[in-house]
$ cat start.txt   # compact mmCIF, N, CA and C atoms
# COMPACT_ATOMS: atom_id res chain seq x y z
N MET A 1 145.77 134.22 81.84
CA MET A 1 144.89 133.31 82.55
C MET A 1 145.45 131.90 82.38
N THR A 2 145.56 131.17 83.47
CA THR A 2 146.10 129.83 83.43
C THR A 2 145.04 128.87 82.93
N GLY A 3 145.48 127.68 82.59
CA GLY A 3 144.56 126.65 82.09
C GLY A 3 143.48 126.29 83.10
N SER A 4 143.87 126.20 84.36
CA SER A 4 142.88 125.85 85.39
C SER A 4 141.89 126.99 85.61
N SER A 5 142.34 128.24 85.47
CA SER A 5 141.44 129.39 85.61
C SER A 5 140.44 129.42 84.47
N ARG A 6 140.94 129.14 83.25
CA ARG A 6 140.06 129.11 82.09
C ARG A 6 139.00 128.01 82.25
N LYS A 7 139.45 126.87 82.73
CA LYS A 7 138.53 125.74 82.92
C LYS A 7 137.45 126.11 83.95
N LEU A 8 137.83 126.79 85.02
CA LEU A 8 136.90 127.23 86.04
C LEU A 8 135.88 128.21 85.47
N VAL A 9 136.36 129.17 84.67
CA VAL A 9 135.47 130.16 84.05
C VAL A 9 134.48 129.45 83.12
N HIS A 10 134.97 128.52 82.30
CA HIS A 10 134.09 127.79 81.39
C HIS A 10 133.06 126.97 82.16
N THR A 11 133.49 126.35 83.24
CA THR A 11 132.57 125.56 84.07
C THR A 11 131.50 126.45 84.66
N LEU A 12 131.90 127.62 85.16
CA LEU A 12 130.92 128.55 85.73
C LEU A 12 129.93 129.05 84.67
N ILE A 13 130.44 129.42 83.50
CA ILE A 13 129.57 129.88 82.42
C ILE A 13 128.60 128.77 82.02
N PHE A 14 129.11 127.55 81.88
CA PHE A 14 128.26 126.41 81.52
C PHE A 14 127.17 126.19 82.57
N GLY A 15 127.54 126.26 83.85
CA GLY A 15 126.57 126.07 84.93
C GLY A 15 125.51 127.15 84.95
N ILE A 16 125.92 128.38 84.75
CA ILE A 16 124.97 129.49 84.73
C ILE A 16 124.02 129.34 83.54
N THR A 17 124.56 128.98 82.39
CA THR A 17 123.73 128.78 81.20
C THR A 17 122.70 127.69 81.45
N LEU A 18 123.12 126.57 82.03
CA LEU A 18 122.19 125.48 82.32
C LEU A 18 121.10 125.92 83.29
N SER A 19 121.47 126.71 84.29
CA SER A 19 120.47 127.14 85.27
C SER A 19 119.43 128.04 84.62
N PHE A 20 119.83 128.87 83.68
CA PHE A 20 118.86 129.72 82.99
C PHE A 20 117.98 128.91 82.05
N MET A 21 118.53 127.85 81.49
CA MET A 21 117.74 127.01 80.60
C MET A 21 116.65 126.28 81.38
N ALA A 22 116.87 126.00 82.64
CA ALA A 22 115.91 125.27 83.46
C ALA A 22 114.76 126.16 83.92
N ILE A 23 114.94 127.47 83.88
CA ILE A 23 113.90 128.39 84.33
C ILE A 23 112.98 128.67 83.16
N PRO A 24 111.67 128.45 83.33
CA PRO A 24 110.76 128.75 82.23
C PRO A 24 110.76 130.25 81.94
N SER A 25 110.63 130.58 80.68
CA SER A 25 110.60 132.00 80.32
C SER A 25 109.31 132.62 80.85
N MET A 26 109.31 133.94 80.92
CA MET A 26 108.12 134.66 81.37
C MET A 26 106.93 134.31 80.48
N ALA A 27 107.18 134.23 79.17
CA ALA A 27 106.09 133.93 78.22
C ALA A 27 105.56 132.52 78.45
N GLU A 28 106.45 131.55 78.67
CA GLU A 28 106.01 130.17 78.93
C GLU A 28 105.21 130.09 80.23
N THR A 29 105.66 130.82 81.23
CA THR A 29 104.96 130.83 82.51
C THR A 29 103.58 131.44 82.35
N GLN A 30 103.48 132.57 81.65
CA GLN A 30 102.18 133.20 81.44
C GLN A 30 101.28 132.32 80.59
N ASP A 31 101.85 131.60 79.63
CA ASP A 31 101.06 130.67 78.82
C ASP A 31 100.45 129.58 79.71
N ALA A 32 101.23 129.09 80.68
CA ALA A 32 100.72 128.06 81.60
C ALA A 32 99.59 128.63 82.45
N VAL A 33 99.77 129.85 82.96
CA VAL A 33 98.73 130.50 83.77
C VAL A 33 97.46 130.66 82.94
N ASP A 34 97.61 131.18 81.72
CA ASP A 34 96.45 131.39 80.84
C ASP A 34 95.75 130.06 80.52
N ALA A 35 96.54 129.03 80.24
CA ALA A 35 95.96 127.73 79.89
C ALA A 35 95.21 127.12 81.07
N ARG A 36 95.77 127.21 82.26
CA ARG A 36 95.07 126.63 83.41
C ARG A 36 93.81 127.41 83.75
N GLN A 37 93.87 128.75 83.63
CA GLN A 37 92.67 129.55 83.90
C GLN A 37 91.58 129.23 82.87
N LYS A 38 91.98 129.09 81.62
CA LYS A 38 91.02 128.74 80.57
C LYS A 38 90.41 127.36 80.84
N THR A 39 91.22 126.43 81.28
CA THR A 39 90.74 125.07 81.58
C THR A 39 89.74 125.11 82.73
N PHE A 40 90.06 125.83 83.79
CA PHE A 40 89.15 125.92 84.93
C PHE A 40 87.83 126.60 84.55
N VAL A 41 87.89 127.66 83.78
CA VAL A 41 86.66 128.36 83.36
C VAL A 41 85.82 127.44 82.48
N SER A 42 86.46 126.74 81.57
CA SER A 42 85.75 125.81 80.69
C SER A 42 85.07 124.70 81.50
N MET A 43 85.78 124.16 82.49
CA MET A 43 85.18 123.12 83.33
C MET A 43 84.01 123.66 84.14
N ALA A 44 84.13 124.86 84.66
CA ALA A 44 83.04 125.47 85.44
C ALA A 44 81.82 125.70 84.55
N ASP A 45 82.03 126.21 83.35
CA ASP A 45 80.93 126.43 82.41
C ASP A 45 80.25 125.10 82.07
N SER A 46 81.06 124.11 81.81
CA SER A 46 80.55 122.78 81.49
C SER A 46 79.76 122.19 82.66
N PHE A 47 80.29 122.35 83.86
CA PHE A 47 79.63 121.85 85.06
C PHE A 47 78.25 122.49 85.22
N ASN A 48 78.20 123.80 85.05
CA ASN A 48 76.91 124.51 85.16
C ASN A 48 75.93 124.06 84.07
N SER A 49 76.43 123.84 82.88
CA SER A 49 75.59 123.35 81.79
C SER A 49 75.05 121.95 82.10
N MET A 50 75.91 121.10 82.64
CA MET A 50 75.46 119.74 82.98
C MET A 50 74.34 119.78 84.01
N LYS A 51 74.48 120.64 85.00
CA LYS A 51 73.44 120.74 86.03
C LYS A 51 72.10 121.18 85.42
N LYS A 52 72.15 122.05 84.41
CA LYS A 52 70.92 122.49 83.75
C LYS A 52 70.32 121.38 82.87
N LEU A 53 71.19 120.52 82.34
CA LEU A 53 70.72 119.43 81.48
C LEU A 53 70.02 118.33 82.27
N GLU A 54 70.27 118.31 83.57
CA GLU A 54 69.65 117.30 84.44
C GLU A 54 68.44 117.95 85.09
N ASP A 55 67.29 117.75 84.47
CA ASP A 55 66.08 118.41 84.99
C ASP A 55 65.08 117.44 85.63
N GLY A 56 65.43 116.16 85.66
CA GLY A 56 64.55 115.20 86.32
C GLY A 56 63.46 114.62 85.43
N ARG A 57 63.17 115.28 84.32
CA ARG A 57 62.13 114.77 83.42
C ARG A 57 62.71 114.38 82.06
N ASP A 58 63.44 115.30 81.49
CA ASP A 58 63.95 115.09 80.13
C ASP A 58 65.47 115.30 80.13
N THR A 59 66.15 114.55 80.96
CA THR A 59 67.58 114.70 81.15
C THR A 59 68.33 114.27 79.89
N ASP A 60 69.30 115.07 79.48
CA ASP A 60 70.13 114.75 78.33
C ASP A 60 71.36 113.95 78.81
N TRP A 61 71.13 112.68 79.03
CA TRP A 61 72.14 111.80 79.62
C TRP A 61 73.41 111.73 78.79
N ASP A 62 73.27 111.61 77.47
CA ASP A 62 74.46 111.48 76.61
C ASP A 62 75.35 112.71 76.66
N THR A 63 74.75 113.88 76.64
CA THR A 63 75.54 115.11 76.68
C THR A 63 76.22 115.25 78.04
N ILE A 64 75.51 114.93 79.09
CA ILE A 64 76.12 114.99 80.43
C ILE A 64 77.31 114.04 80.51
N LYS A 65 77.13 112.84 80.01
CA LYS A 65 78.21 111.85 80.04
C LYS A 65 79.42 112.38 79.27
N THR A 66 79.21 112.90 78.08
CA THR A 66 80.30 113.42 77.25
C THR A 66 81.01 114.58 77.93
N MET A 67 80.24 115.51 78.48
CA MET A 67 80.84 116.67 79.14
C MET A 67 81.61 116.27 80.40
N ALA A 68 81.06 115.33 81.15
CA ALA A 68 81.73 114.87 82.37
C ALA A 68 83.07 114.21 82.03
N LEU A 69 83.08 113.38 80.99
CA LEU A 69 84.34 112.74 80.58
C LEU A 69 85.35 113.77 80.10
N LYS A 70 84.89 114.76 79.38
CA LYS A 70 85.79 115.82 78.89
C LYS A 70 86.41 116.57 80.09
N ASN A 71 85.60 116.86 81.09
CA ASN A 71 86.12 117.53 82.29
C ASN A 71 87.13 116.66 83.01
N ALA A 72 86.84 115.37 83.13
CA ALA A 72 87.79 114.46 83.78
C ALA A 72 89.12 114.45 83.03
N GLU A 73 89.06 114.44 81.70
CA GLU A 73 90.29 114.46 80.90
C GLU A 73 91.03 115.79 81.08
N SER A 74 90.29 116.88 81.14
CA SER A 74 90.91 118.20 81.31
C SER A 74 91.70 118.28 82.62
N ILE A 75 91.17 117.67 83.65
CA ILE A 75 91.83 117.71 84.95
C ILE A 75 93.20 117.04 84.88
N SER A 76 93.32 116.00 84.09
CA SER A 76 94.61 115.31 84.01
C SER A 76 95.71 116.20 83.43
N SER A 77 95.34 117.26 82.70
CA SER A 77 96.35 118.16 82.14
C SER A 77 96.77 119.25 83.14
N LEU A 78 96.00 119.44 84.18
CA LEU A 78 96.23 120.57 85.08
C LEU A 78 97.55 120.55 85.84
N PRO A 79 98.01 119.42 86.38
CA PRO A 79 99.27 119.49 87.12
C PRO A 79 100.43 120.06 86.31
N GLY A 80 100.46 119.80 85.02
CA GLY A 80 101.51 120.32 84.17
C GLY A 80 101.39 121.82 83.90
N LEU A 81 100.25 122.40 84.27
CA LEU A 81 100.03 123.83 84.04
C LEU A 81 100.33 124.67 85.29
N PHE A 82 100.98 124.05 86.27
CA PHE A 82 101.39 124.76 87.49
C PHE A 82 102.91 124.65 87.68
N PRO A 83 103.70 125.09 86.67
CA PRO A 83 105.15 124.99 86.84
C PRO A 83 105.63 125.95 87.93
N GLU A 84 106.77 125.62 88.53
CA GLU A 84 107.38 126.53 89.51
C GLU A 84 107.51 127.90 88.87
N GLY A 85 107.24 128.92 89.63
CA GLY A 85 107.39 130.28 89.13
C GLY A 85 106.15 130.83 88.45
N SER A 86 105.05 130.07 88.46
CA SER A 86 103.85 130.55 87.77
C SER A 86 102.80 131.12 88.73
N LEU A 87 103.26 131.53 89.90
CA LEU A 87 102.38 132.18 90.86
C LEU A 87 102.04 133.60 90.40
N GLU A 88 103.06 134.30 89.92
CA GLU A 88 102.91 135.69 89.48
C GLU A 88 101.91 135.79 88.33
N GLY A 89 100.97 136.71 88.45
CA GLY A 89 99.99 136.92 87.39
C GLY A 89 98.84 135.93 87.41
N SER A 90 98.74 135.18 88.50
CA SER A 90 97.66 134.20 88.59
C SER A 90 96.85 134.43 89.86
N ARG A 91 95.79 133.68 89.99
CA ARG A 91 94.97 133.77 91.21
C ARG A 91 95.32 132.64 92.18
N SER A 92 96.35 131.89 91.86
CA SER A 92 96.76 130.79 92.73
C SER A 92 97.47 131.33 93.96
N LYS A 93 97.28 130.60 95.06
CA LYS A 93 98.02 130.91 96.29
C LYS A 93 99.31 130.12 96.28
N GLU A 94 100.26 130.57 97.07
CA GLU A 94 101.54 129.88 97.18
C GLU A 94 101.38 128.44 97.68
N THR A 95 100.29 128.18 98.41
CA THR A 95 100.07 126.84 98.97
C THR A 95 99.91 125.77 97.89
N VAL A 96 99.61 126.18 96.65
CA VAL A 96 99.57 125.19 95.56
C VAL A 96 100.90 124.45 95.52
N TRP A 97 101.99 125.19 95.59
CA TRP A 97 103.32 124.61 95.47
C TRP A 97 103.87 124.12 96.79
N THR A 98 103.52 124.78 97.90
CA THR A 98 104.06 124.35 99.20
C THR A 98 103.33 123.13 99.74
N LYS A 99 102.11 122.91 99.25
CA LYS A 99 101.33 121.73 99.67
C LYS A 99 100.86 120.97 98.43
N TRP A 100 101.82 120.75 97.52
CA TRP A 100 101.51 120.17 96.22
C TRP A 100 100.77 118.83 96.33
N ASP A 101 101.19 117.93 97.21
CA ASP A 101 100.55 116.62 97.33
C ASP A 101 99.06 116.76 97.67
N LYS A 102 98.77 117.67 98.58
CA LYS A 102 97.38 117.89 98.97
C LYS A 102 96.58 118.52 97.82
N PHE A 103 97.21 119.46 97.12
CA PHE A 103 96.57 120.08 95.96
C PHE A 103 96.26 119.03 94.89
N GLU A 104 97.22 118.19 94.62
CA GLU A 104 97.04 117.15 93.60
C GLU A 104 95.94 116.16 94.01
N LYS A 105 95.85 115.86 95.30
CA LYS A 105 94.77 114.99 95.80
C LYS A 105 93.40 115.61 95.50
N GLY A 106 93.30 116.92 95.65
CA GLY A 106 92.06 117.62 95.34
C GLY A 106 91.69 117.49 93.87
N LEU A 107 92.69 117.58 93.00
CA LEU A 107 92.44 117.40 91.57
C LEU A 107 91.96 115.98 91.27
N VAL A 108 92.58 115.01 91.92
CA VAL A 108 92.17 113.61 91.72
C VAL A 108 90.73 113.41 92.20
N SER A 109 90.39 114.02 93.32
CA SER A 109 89.03 113.92 93.85
C SER A 109 88.02 114.52 92.87
N LEU A 110 88.37 115.66 92.29
CA LEU A 110 87.47 116.29 91.33
C LEU A 110 87.34 115.44 90.07
N GLU A 111 88.45 114.89 89.62
CA GLU A 111 88.43 114.01 88.45
C GLU A 111 87.52 112.81 88.71
N THR A 112 87.62 112.23 89.89
CA THR A 112 86.76 111.10 90.26
C THR A 112 85.29 111.50 90.25
N SER A 113 84.99 112.70 90.72
CA SER A 113 83.61 113.18 90.71
C SER A 113 83.06 113.26 89.29
N PHE A 114 83.88 113.75 88.36
CA PHE A 114 83.43 113.82 86.97
C PHE A 114 83.28 112.42 86.36
N GLU A 115 84.16 111.51 86.73
CA GLU A 115 84.02 110.13 86.26
C GLU A 115 82.74 109.51 86.82
N ASP A 116 82.42 109.81 88.08
CA ASP A 116 81.18 109.32 88.69
C ASP A 116 79.95 109.90 87.98
N MET A 117 80.04 111.16 87.56
CA MET A 117 78.94 111.77 86.80
C MET A 117 78.73 111.03 85.49
N SER A 118 79.82 110.72 84.84
CA SER A 118 79.74 110.00 83.57
C SER A 118 79.10 108.62 83.76
N THR A 119 79.52 107.92 84.78
CA THR A 119 78.97 106.60 85.09
C THR A 119 77.48 106.70 85.41
N ALA A 120 77.11 107.70 86.20
CA ALA A 120 75.70 107.90 86.56
C ALA A 120 74.87 108.25 85.32
N ALA A 121 75.43 109.07 84.45
CA ALA A 121 74.71 109.45 83.23
C ALA A 121 74.53 108.23 82.32
N GLU A 122 75.56 107.42 82.23
CA GLU A 122 75.44 106.21 81.40
C GLU A 122 74.35 105.29 81.95
N ALA A 123 74.26 105.19 83.27
CA ALA A 123 73.25 104.34 83.90
C ALA A 123 71.89 105.05 84.01
N GLN A 124 71.87 106.33 83.64
CA GLN A 124 70.67 107.17 83.77
C GLN A 124 70.13 107.13 85.20
N ASP A 125 71.07 107.27 86.13
CA ASP A 125 70.78 107.23 87.55
C ASP A 125 70.80 108.65 88.12
N ALA A 126 69.63 109.26 88.22
CA ALA A 126 69.52 110.65 88.66
C ALA A 126 70.05 110.85 90.07
N LYS A 127 69.80 109.89 90.95
CA LYS A 127 70.26 110.02 92.33
C LYS A 127 71.79 110.02 92.41
N ALA A 128 72.43 109.10 91.68
CA ALA A 128 73.90 109.03 91.67
C ALA A 128 74.48 110.28 91.00
N LEU A 129 73.79 110.80 89.99
CA LEU A 129 74.27 112.00 89.31
C LEU A 129 74.23 113.20 90.25
N LYS A 130 73.14 113.35 90.98
CA LYS A 130 73.03 114.46 91.94
C LYS A 130 74.12 114.35 93.01
N LYS A 131 74.40 113.15 93.46
CA LYS A 131 75.45 112.93 94.45
C LYS A 131 76.81 113.33 93.87
N ALA A 132 77.09 112.96 92.62
CA ALA A 132 78.36 113.32 91.99
C ALA A 132 78.46 114.83 91.79
N PHE A 133 77.34 115.48 91.43
CA PHE A 133 77.32 116.94 91.31
C PHE A 133 77.70 117.59 92.64
N LYS A 134 77.07 117.09 93.71
CA LYS A 134 77.31 117.66 95.04
C LYS A 134 78.77 117.46 95.46
N THR A 135 79.32 116.28 95.19
CA THR A 135 80.71 116.00 95.54
C THR A 135 81.66 116.90 94.76
N ALA A 136 81.40 117.07 93.47
CA ALA A 136 82.25 117.95 92.65
C ALA A 136 82.16 119.40 93.13
N ASP A 137 80.96 119.83 93.45
CA ASP A 137 80.77 121.20 93.92
C ASP A 137 81.55 121.44 95.21
N ARG A 138 81.50 120.50 96.14
CA ARG A 138 82.26 120.62 97.39
C ARG A 138 83.76 120.64 97.12
N SER A 139 84.18 119.79 96.19
CA SER A 139 85.59 119.72 95.85
C SER A 139 86.09 121.04 95.28
N CYS A 140 85.31 121.64 94.40
CA CYS A 140 85.67 122.94 93.81
C CYS A 140 85.78 124.01 94.89
N LYS A 141 84.77 124.08 95.74
CA LYS A 141 84.77 125.10 96.80
C LYS A 141 85.94 124.92 97.75
N SER A 142 86.22 123.69 98.13
CA SER A 142 87.31 123.41 99.04
C SER A 142 88.65 123.83 98.44
N CYS A 143 88.84 123.53 97.19
CA CYS A 143 90.08 123.88 96.51
C CYS A 143 90.21 125.39 96.37
N HIS A 144 89.12 126.07 96.04
CA HIS A 144 89.16 127.53 95.92
C HIS A 144 89.54 128.18 97.24
N ARG A 145 88.98 127.68 98.33
CA ARG A 145 89.31 128.25 99.64
C ARG A 145 90.78 128.07 99.97
N ALA A 146 91.31 126.92 99.67
CA ALA A 146 92.69 126.60 100.05
C ALA A 146 93.75 127.13 99.08
N TYR A 147 93.42 127.18 97.79
CA TYR A 147 94.47 127.40 96.79
C TYR A 147 94.25 128.57 95.82
N ARG A 148 93.16 129.32 96.00
CA ARG A 148 92.88 130.39 95.05
C ARG A 148 92.65 131.71 95.79
N SER A 149 93.35 132.74 95.34
CA SER A 149 93.19 134.08 95.92
C SER A 149 91.90 134.71 95.43
N LYS A 150 91.34 135.57 96.26
CA LYS A 150 90.13 136.29 95.87
C LYS A 150 90.45 137.48 95.01
N TRP A 151 91.66 138.00 95.14
CA TRP A 151 92.15 139.21 94.48
C TRP A 151 91.45 140.35 95.02
$ encode --input "start.txt" --output "structure tokens"
Amino acid sequence: MTGSSRKLVHTLIFGITLSFMAIPSMAETQDAVDARQKTFVSMADSFNSMKKLEDGRDTDWDTIKTMALKNAESISSLPGLFPEGSLEGSRSKETVWTKWDKFEKGLVSLETSFEDMSTAAEAQDAKALKKAFKTADRSCKSCHRAYRSKW
């Protein structure tokens, strides 16, 4: 083998090695799927709990505010939990990745809804809280229709 042939082989091996390093492992991908599903379930449970805490008479404003802020923070972690190649084994549709900007806008909208809930709870404004609940609910449903498989 000549020097230039050896150099070509080494370059090819190095390139192939780098390309495999860039691909997340199956375990890492499944961890991302599991983490995002856990985050979404936790937010949904929290959302339902917040709606029950707002009863119009004896509303637990502090708990609603805390839960809403926690949900808003959780949303900020979600984009990192949708790495390329994490469609398999999930309920996500391919459109998450093919229409990423639109998907991300939906997450921002939901985050804003939770921030609005927190602000309404701090002000003890039942009308603003109900409006934020309704906006978040619409945002969830819209995202599910566009980006989540029914299986």
$ atom_distance --input "start.txt" --atom1 "atom N of Thr63 of chain A" --atom2 "atom CA of Gln37 of chain A"
24.9 Å
$ residues_near_point --input "start.txt" --point "(64.9, 113.3, 87.5)" --cutoff "8 Å" --atoms "only N, CA and C atoms" --output "mmCIF file with N, CA and C atoms, in the coordinates of the input"
data_model
loop_
_atom_site.group_PDB
_atom_site.id
_atom_site.type_symbol
_atom_site.label_atom_id
_atom_site.label_comp_id
_atom_site.auth_asym_id
_atom_site.auth_seq_id
_atom_site.Cartn_x
_atom_site.Cartn_y
_atom_site.Cartn_z
ATOM 1 N N GLU A 54 70.270 118.310 83.570
ATOM 2 C CA GLU A 54 69.650 117.300 84.440
ATOM 3 C C GLU A 54 68.440 117.950 85.090
ATOM 4 N N ASP A 55 67.290 117.750 84.470
ATOM 5 C CA ASP A 55 66.080 118.410 84.990
ATOM 6 C C ASP A 55 65.080 117.440 85.630
ATOM 7 N N GLY A 56 65.430 116.160 85.660
ATOM 8 C CA GLY A 56 64.550 115.200 86.320
ATOM 9 C C GLY A 56 63.460 114.620 85.430
ATOM 10 N N ARG A 57 63.170 115.280 84.320
ATOM 11 C CA ARG A 57 62.130 114.770 83.420
ATOM 12 C C ARG A 57 62.710 114.380 82.060
ATOM 13 N N ASP A 58 63.440 115.300 81.490
ATOM 14 C CA ASP A 58 63.950 115.090 80.130
ATOM 15 C C ASP A 58 65.470 115.300 80.130
ATOM 16 N N THR A 59 66.150 114.550 80.960
ATOM 17 C CA THR A 59 67.580 114.700 81.150
ATOM 18 C C THR A 59 68.330 114.270 79.890
ATOM 19 N N ASP A 125 71.070 107.270 86.130
ATOM 20 C CA ASP A 125 70.780 107.230 87.550
ATOM 21 C C ASP A 125 70.800 108.650 88.120
ATOM 22 N N ALA A 126 69.630 109.260 88.220
ATOM 23 C CA ALA A 126 69.520 110.650 88.660
ATOM 24 C C ALA A 126 70.050 110.850 90.070
ATOM 25 N N LYS A 127 69.800 109.890 90.950
ATOM 26 C CA LYS A 127 70.260 110.020 92.330
ATOM 27 C C LYS A 127 71.790 110.020 92.410
#
$ closest_residue --input "start.txt" --among "A:Glu111, A:Asp137, A:Glu94, A:Glu88" --to "Ser149 of chain A" --atoms "all atoms listed in the file"
A:Glu94
$ residues_near_point --input "start.txt" --point "(103.0, 125.5, 86.5)" --cutoff "12 Å" --atoms "only C-alpha atoms" --output "number ranges by chain"
A: 23-26, 28-37, 77-90, 92, 94, 96-97, 100
$ atom_distance --input "start.txt" --atom1 "atom C of Asp116 of chain A" --atom2 "atom CA of Ala132 of chain A"
5.5 Å
$ build_atoms --input "start.txt" --residues "segment 73-87 of chain A" --atoms "N, CA, C and O atoms" --output "short mmCIF file (atom, residue, chain, number, x, y, z; two decimals), in the frame of the given file"
data_model
loop_
_atom_site.label_atom_id
_atom_site.label_comp_id
_atom_site.auth_asym_id
_atom_site.auth_seq_id
_atom_site.Cartn_x
_atom_site.Cartn_y
_atom_site.Cartn_z
N GLU A 73 89.06 114.44 81.70
CA GLU A 73 90.29 114.46 80.90
C GLU A 73 91.03 115.79 81.08
O GLU A 73 92.26 115.82 81.14
N SER A 74 90.29 116.88 81.14
CA SER A 74 90.91 118.20 81.31
C SER A 74 91.70 118.28 82.62
O SER A 74 92.77 118.88 82.67
N ILE A 75 91.17 117.67 83.65
CA ILE A 75 91.83 117.71 84.95
C ILE A 75 93.20 117.04 84.88
O ILE A 75 94.15 117.51 85.52
N SER A 76 93.32 116.00 84.09
CA SER A 76 94.61 115.31 84.01
C SER A 76 95.71 116.20 83.43
O SER A 76 96.89 115.96 83.67
N SER A 77 95.34 117.26 82.70
CA SER A 77 96.35 118.16 82.14
C SER A 77 96.77 119.25 83.14
O SER A 77 97.80 119.91 82.96
N LEU A 78 96.00 119.44 84.18
CA LEU A 78 96.23 120.57 85.08
C LEU A 78 97.55 120.55 85.84
O LEU A 78 98.20 121.60 85.95
N PRO A 79 98.01 119.42 86.38
CA PRO A 79 99.27 119.49 87.12
C PRO A 79 100.43 120.06 86.31
O PRO A 79 101.26 120.80 86.84
N GLY A 80 100.46 119.80 85.02
CA GLY A 80 101.51 120.32 84.17
C GLY A 80 101.39 121.82 83.90
O GLY A 80 102.31 122.44 83.38
N LEU A 81 100.25 122.40 84.27
CA LEU A 81 100.03 123.83 84.04
C LEU A 81 100.33 124.67 85.29
O LEU A 81 99.95 125.83 85.35
N PHE A 82 100.98 124.05 86.27
CA PHE A 82 101.39 124.76 87.49
C PHE A 82 102.91 124.65 87.68
O PHE A 82 103.37 124.19 88.72
N PRO A 83 103.70 125.09 86.67
CA PRO A 83 105.15 124.99 86.84
C PRO A 83 105.63 125.95 87.93
O PRO A 83 104.97 126.95 88.23
N GLU A 84 106.77 125.62 88.53
CA GLU A 84 107.38 126.53 89.51
C GLU A 84 107.51 127.90 88.87
O GLU A 84 107.82 128.01 87.69
N GLY A 85 107.24 128.92 89.63
CA GLY A 85 107.39 130.28 89.13
C GLY A 85 106.15 130.83 88.45
O GLY A 85 106.17 131.93 87.93
N SER A 86 105.05 130.07 88.46
CA SER A 86 103.85 130.55 87.77
C SER A 86 102.80 131.12 88.73
O SER A 86 101.63 131.20 88.41
N LEU A 87 103.26 131.53 89.90
CA LEU A 87 102.38 132.18 90.86
C LEU A 87 102.04 133.60 90.40
O LEU A 87 100.89 134.03 90.45
#
